[in-house]
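Novice: Below is one structure. I have some questions about it.
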Amino acid sequence: RMKKMERIDGEMITQTSFVKLRRNPFKVYTRQESPNDGLEVLYKKGDNSALINPNGFPWLNLKLDPHGSRMRKEQHHTIHNAGYDHVVAILEHLFDKYKSQIHTLTSLESTTWNNKDCWKVEFKNPHFKYSKYTVGAGESITSIAEKYKLSSHMILEVNEGLEGYHDVSKGQVITIPNDYSPQMSLVIDKQIMVPLAMKVYDDKGLYEYYEFSDVKINPEIDDAEFTEDYHEYGF
């Protein structure tokens, strides 16, 4: 189960969901518990759209672009970022970028989280800043964020005149952060070595918070559980 809090337009939006995920080939099923109890999402790598059961009006299954405005509404990330790989890629990038200083920028200590023995890792980045960036041919906010391991939502937010993740053109000058975050804090389960909680800050304060519970690593998941006809789902 995942609880997430993401700051959208100055307000922390909270959502809790049950998640099943297969890394390779990438497949994910989520069932939201709050605020829209029963909303389901099913996505498989290679599909052009995700299948949505809104569990409410319009009372029909929907197929939506994972990068489209409807699926990204009040979301910092796309469904492609589900799981831990996205977080790990950001941390690996930051650790490599600042490897000569990494011991002064990070701290590690033992802690307890929900009665589990854990590591607490903190990364404090005094180099975080915003700078100007000239958009290249074929680039979007999403591709720029992926290229430099940044938050696409943060880029959209600091450029108030932009209306969407593709609302940029070649030669346009926008503002982007130089890194994903000025401060990150992770609580990592010592036994299964995955994060159970993660806090991400920007220059205004807490930007993202993710909490994971009842985590099962490498469970047996039948292929049928990533199909819309699976008997436990409401599609």
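FYI, nothing fancy with the structure tokens labels: chains A, B, ... in order, residues from 1 per chain, ligands from 1 as they appear.
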List the spatial neighbours of range 91-98 of chain A as an MDAnalysis selection string - criterion: any atom at most 12 Å away, only C-alpha atoms, same-chain residues fewer than 4 positions off excluded.
Specialist: chainID A and resid 84:87 102:106 121:128 146:150 178:186 198 200
Novice: With C-alpha atoms retained, could you export that selection as a PDB file, in the first residue's frame?
Specialist:
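Result saved to result_39.pdb:
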ATOM      1  CA  TYR A  84      11.202   2.130  -6.834  1.00  0.00           C
ATOM      2  CA  ASP A  85      13.238   2.346 -10.049  1.00  0.00           C
ATOM      3  CA  HIS A  86      12.482   6.039 -10.614  1.00  0.00           C
ATOM      4  CA  VAL A  87      13.606   6.981  -7.099  1.00  0.00           C
ATOM      5  CA  ILE A 102      28.907  12.834  -1.255  1.00  0.00           C
ATOM      6  CA  HIS A 103      30.170  12.098   2.280  1.00  0.00           C
ATOM      7  CA  THR A 104      29.514  15.686   3.335  1.00  0.00           C
ATOM      8  CA  LEU A 105      26.090  15.833   1.661  1.00  0.00           C
ATOM      9  CA  THR A 106      24.671  12.586   3.066  1.00  0.00           C
ATOM     10  CA  VAL A 121      19.430   8.245   4.705  1.00  0.00           C
ATOM     11  CA  GLU A 122      19.446  12.017   4.266  1.00  0.00           C
ATOM     12  CA  PHE A 123      20.758  13.955   1.300  1.00  0.00           C
ATOM     13  CA  LYS A 124      21.167  17.726   1.675  1.00  0.00           C
ATOM     14  CA  ASN A 125      22.082  19.591  -1.458  1.00  0.00           C
ATOM     15  CA  PRO A 126      23.335  23.182  -1.032  1.00  0.00           C
ATOM     16  CA  HIS A 127      23.861  23.429  -4.806  1.00  0.00           C
ATOM     17  CA  PHE A 128      20.122  23.410  -5.628  1.00  0.00           C
ATOM     18  CA  GLU A 146      13.860  12.747 -17.917  1.00  0.00           C
ATOM     19  CA  LYS A 147      17.125  13.892 -19.513  1.00  0.00           C
ATOM     20  CA  TYR A 148      18.373  15.685 -16.399  1.00  0.00           C
ATOM     21  CA  LYS A 149      16.579  13.570 -13.746  1.00  0.00           C
ATOM     22  CA  LEU A 150      14.322  16.434 -12.634  1.00  0.00           C
ATOM     23  CA  ASN A 178      19.467  22.120 -11.619  1.00  0.00           C
ATOM     24  CA  ASP A 179      18.644  19.074  -9.464  1.00  0.00           C
ATOM     25  CA  TYR A 180      15.605  17.098  -8.388  1.00  0.00           C
ATOM     26  CA  SER A 181      15.620  18.400  -4.829  1.00  0.00           C
ATOM     27  CA  PRO A 182      17.624  20.387  -2.268  1.00  0.00           C
ATOM     28  CA  GLN A 183      16.857  17.768   0.384  1.00  0.00           C
ATOM     29  CA  MET A 184      15.671  14.157   0.414  1.00  0.00           C
ATOM     30  CA  SER A 185      15.123  11.781   3.317  1.00  0.00           C
ATOM     31  CA  LEU A 186      14.561   8.037   3.007  1.00  0.00           C
ATOM     32  CA  MET A 198      10.514   9.147   1.463  1.00  0.00           C
ATOM     33  CA  VAL A 200      11.359  15.281  -0.926  1.00  0.00           C
TER      34      VAL A 200
END
Novice: Give the strand (DSSP E) residues of range 11-234 of chain A, as assigned by DSSP on the backbone, as a VMD selection string.
Specialist: chain A and resid 11 to 22 27 to 34 40 to 44 50 to 53 62 to 64 106 to 113 116 to 124 130 to 134 173 to 177 183 to 189 195 to 202 205 to 212
Novice: Would you pick out the contacts of Glu74 in chain A at 9 Å or less, using only C-alpha atoms, so that residues sharing its chain but fewer than 5 positions from it are not included, and give the list as a ChimeraX atom specification?
Specialist: /A:6-9,13
Novice: Keeping only C-alpha atoms, write the selected residues to a file as a short mmCIF file (atom, residue, chain, number, x, y, z; two decimals), in the first residue's frame.
Specialist:
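What landed in again20.cif:
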data_model
loop_
_atom_site.label_atom_id
_atom_site.label_comp_id
_atom_site.auth_asym_id
_atom_site.auth_seq_id
_atom_site.Cartn_x
_atom_site.Cartn_y
_atom_site.Cartn_z
CA GLU A 6 2.14 15.82 -3.22
CA ARG A 7 1.98 19.60 -3.21
CA ILE A 8 -0.28 20.85 -5.98
CA ASP A 9 -0.92 24.60 -6.32
CA ILE A 13 -2.99 16.40 -1.86
#
Novice: Set the distance at 10 Å and use only C-alpha atoms: which residues neighbour Val41 in chain A once local chain neighbours fewer than 3 positions away are removed? I'd like the list as a list of chain:residue names.
Specialist: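 Contacts, with the query itself left out: A:Val19, A:Val28, A:Tyr29, A:Thr30, A:Arg31, A:Gln32, A:Gly38, A:Ala50, A:Leu51, A:Ile52, A:Asn53, A:Pro54, A:Asn61, A:Leu62, A:Lys63, A:Leu64, A:Ile79, A:Glu228, A:Phe235.
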Novice: Would you put the residues from that selection into a file with C-alpha atoms, as an mmCIF file, in the first residue's frame?
Specialist:
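Just written: out.cif:
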data_model
loop_
_atom_site.group_PDB
_atom_site.id
_atom_site.type_symbol
_atom_site.label_atom_id
_atom_site.label_comp_id
_atom_site.auth_asym_id
_atom_site.auth_seq_id
_atom_site.Cartn_x
_atom_site.Cartn_y
_atom_site.Cartn_z
ATOM 1 C CA VAL A 19 -0.523 -1.469 -5.818
ATOM 2 C CA VAL A 28 0.957 -2.234 -12.868
ATOM 3 C CA TYR A 29 -2.464 -2.388 -11.252
ATOM 4 C CA THR A 30 -3.647 0.140 -8.665
ATOM 5 C CA ARG A 31 -6.830 0.429 -6.668
ATOM 6 C CA GLN A 32 -7.319 3.738 -4.956
ATOM 7 C CA GLY A 38 -12.593 1.865 -5.884
ATOM 8 C CA ALA A 50 -4.141 2.912 -19.469
ATOM 9 C CA LEU A 51 -7.474 1.318 -18.592
ATOM 10 C CA ILE A 52 -9.408 3.228 -15.941
ATOM 11 C CA ASN A 53 -12.411 2.143 -13.892
ATOM 12 C CA PRO A 54 -13.543 5.452 -12.336
ATOM 13 C CA ASN A 61 -14.295 2.163 -18.339
ATOM 14 C CA LEU A 62 -11.977 4.751 -19.886
ATOM 15 C CA LYS A 63 -8.754 4.463 -21.881
ATOM 16 C CA LEU A 64 -6.477 7.409 -21.207
ATOM 17 C CA ILE A 79 2.151 5.658 -13.937
ATOM 18 C CA GLU A 228 -9.176 -6.450 -16.994
ATOM 19 C CA PHE A 235 -13.492 -3.225 -14.893
#
Novice: Residues at most 7 Å from range 205-222 of chain A, counting only C-alpha atoms, excluding those fewer than 6 positions away in the same chain, as a PDB file with N, CA, C and O atoms, in the first residue's frame?
Specialist:
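File produced: selection-v1.pdb:
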ATOM      1  N   ARG A   1       0.836  -1.183   0.000  1.00  0.00           N
ATOM      2  CA  ARG A   1       0.000   0.000   0.000  1.00  0.00           C
ATOM      3  C   ARG A   1       0.873   1.235   0.000  1.00  0.00           C
ATOM      4  O   ARG A   1       1.902   1.276   0.651  1.00  0.00           O
ATOM      5  N   MET A   2       0.429   2.232  -0.718  1.00  0.00           N
ATOM      6  CA  MET A   2       1.192   3.471  -0.815  1.00  0.00           C
ATOM      7  C   MET A   2       0.324   4.647  -0.418  1.00  0.00           C
ATOM      8  O   MET A   2      -0.783   4.813  -0.910  1.00  0.00           O
ATOM      9  N   LYS A   3       0.859   5.449   0.485  1.00  0.00           N
ATOM     10  CA  LYS A   3       0.255   6.730   0.811  1.00  0.00           C
ATOM     11  C   LYS A   3       1.149   7.790   0.218  1.00  0.00           C
ATOM     12  O   LYS A   3       2.368   7.764   0.417  1.00  0.00           O
ATOM     13  N   LYS A   4       0.578   8.690  -0.529  1.00  0.00           N
ATOM     14  CA  LYS A   4       1.394   9.762  -1.091  1.00  0.00           C
ATOM     15  C   LYS A   4       0.761  11.107  -0.812  1.00  0.00           C
ATOM     16  O   LYS A   4      -0.458  11.255  -0.789  1.00  0.00           O
ATOM     17  N   MET A   5       1.630  12.063  -0.575  1.00  0.00           N
ATOM     18  CA  MET A   5       1.218  13.453  -0.405  1.00  0.00           C
ATOM     19  C   MET A   5       2.077  14.283  -1.348  1.00  0.00           C
ATOM     20  O   MET A   5       3.314  14.233  -1.264  1.00  0.00           O
ATOM     21  N   GLU A   6       1.426  14.999  -2.250  1.00  0.00           N
ATOM     22  CA  GLU A   6       2.142  15.819  -3.223  1.00  0.00           C
ATOM     23  C   GLU A   6       1.563  17.223  -3.207  1.00  0.00           C
ATOM     24  O   GLU A   6       0.349  17.398  -3.170  1.00  0.00           O
ATOM     25  N   ARG A   7       2.446  18.210  -3.235  1.00  0.00           N
ATOM     26  CA  ARG A   7       1.984  19.595  -3.208  1.00  0.00           C
ATOM     27  C   ARG A   7       1.563  20.034  -4.597  1.00  0.00           C
ATOM     28  O   ARG A   7       2.360  20.026  -5.538  1.00  0.00           O
ATOM     29  N   LEU A 196      10.646   2.558   2.813  1.00  0.00           N
ATOM     30  CA  LEU A 196       9.317   2.515   3.424  1.00  0.00           C
ATOM     31  C   LEU A 196       8.728   3.913   3.544  1.00  0.00           C
ATOM     32  O   LEU A 196       7.515   4.056   3.718  1.00  0.00           O
ATOM     33  N   ALA A 197       9.577   4.915   3.461  1.00  0.00           N
ATOM     34  CA  ALA A 197       9.105   6.303   3.495  1.00  0.00           C
ATOM     35  C   ALA A 197      10.127   7.185   2.796  1.00  0.00           C
ATOM     36  O   ALA A 197      11.328   6.907   2.833  1.00  0.00           O
ATOM     37  N   MET A 198       9.625   8.224   2.164  1.00  0.00           N
ATOM     38  CA  MET A 198      10.514   9.147   1.463  1.00  0.00           C
ATOM     39  C   MET A 198       9.929  10.550   1.498  1.00  0.00           C
ATOM     40  O   MET A 198       8.753  10.751   1.199  1.00  0.00           O
ATOM     41  N   LYS A 199      10.759  11.509   1.886  1.00  0.00           N
ATOM     42  CA  LYS A 199      10.371  12.914   1.866  1.00  0.00           C
ATOM     43  C   LYS A 199      11.257  13.649   0.872  1.00  0.00           C
ATOM     44  O   LYS A 199      12.475  13.454   0.860  1.00  0.00           O
TER      45      LYS A 199
END
Novice: CA of Gly161 in chain A and CA of Arg72 in chain A, how far apart in Å?
Specialist: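 CA of Arg72 in chain A sits 17.9 Å away from CA of Gly161 in chain A.
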Novice: Which residues come within 12 Å of Gly46 in chain A, counting only C-alpha atoms, excluding same-chain residues fewer than 3 positions away, as a list in words?
Specialist: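 After dropping sequence-adjacent residues, the list is Asn24, Pro25, Phe26, Lys27, Tyr43, Ser49, Ala50, Asp65, Pro66 and His80 of chain A.
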Novice: What gap, in Å, lies between CA of Met12 in chain A and CA of Thr78 in chain A?
Specialist: 17.7 Å
Novice: Using only C-alpha atoms, which of the listed residues (A:Val135, A:Met71, A:Ile155, A:Leu108) sits closest to Ile188 in chain A?
Specialist: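 Among the listed residues, A:Leu108 lies closest to Ile188 in chain A.
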Novice: CA of Asn55 in chain A to CA of Glu163 in chain A: how many Å, to one decimal?
Specialist: 28.3 Å
Novice: Which residue is closest to Trp113 in chain A? Choose from A:Lys44, A:Lys190, A:His231, A:Lys99 and count only C-alpha atoms.
Specialist: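 Selected residue with least distance to Trp113 in chain A: A:Lys190.
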Novice: Give the answer as one residue: which of A:Ile144, A:Ala89, A:Met193, A:Ile174 has the shortest atom-to-atom distance to Glu160 in chain A, using only C-alpha atoms?
Specialist: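 Residue with the minimum atom-to-atom distance to Glu160 in chain A: A:Ile174.
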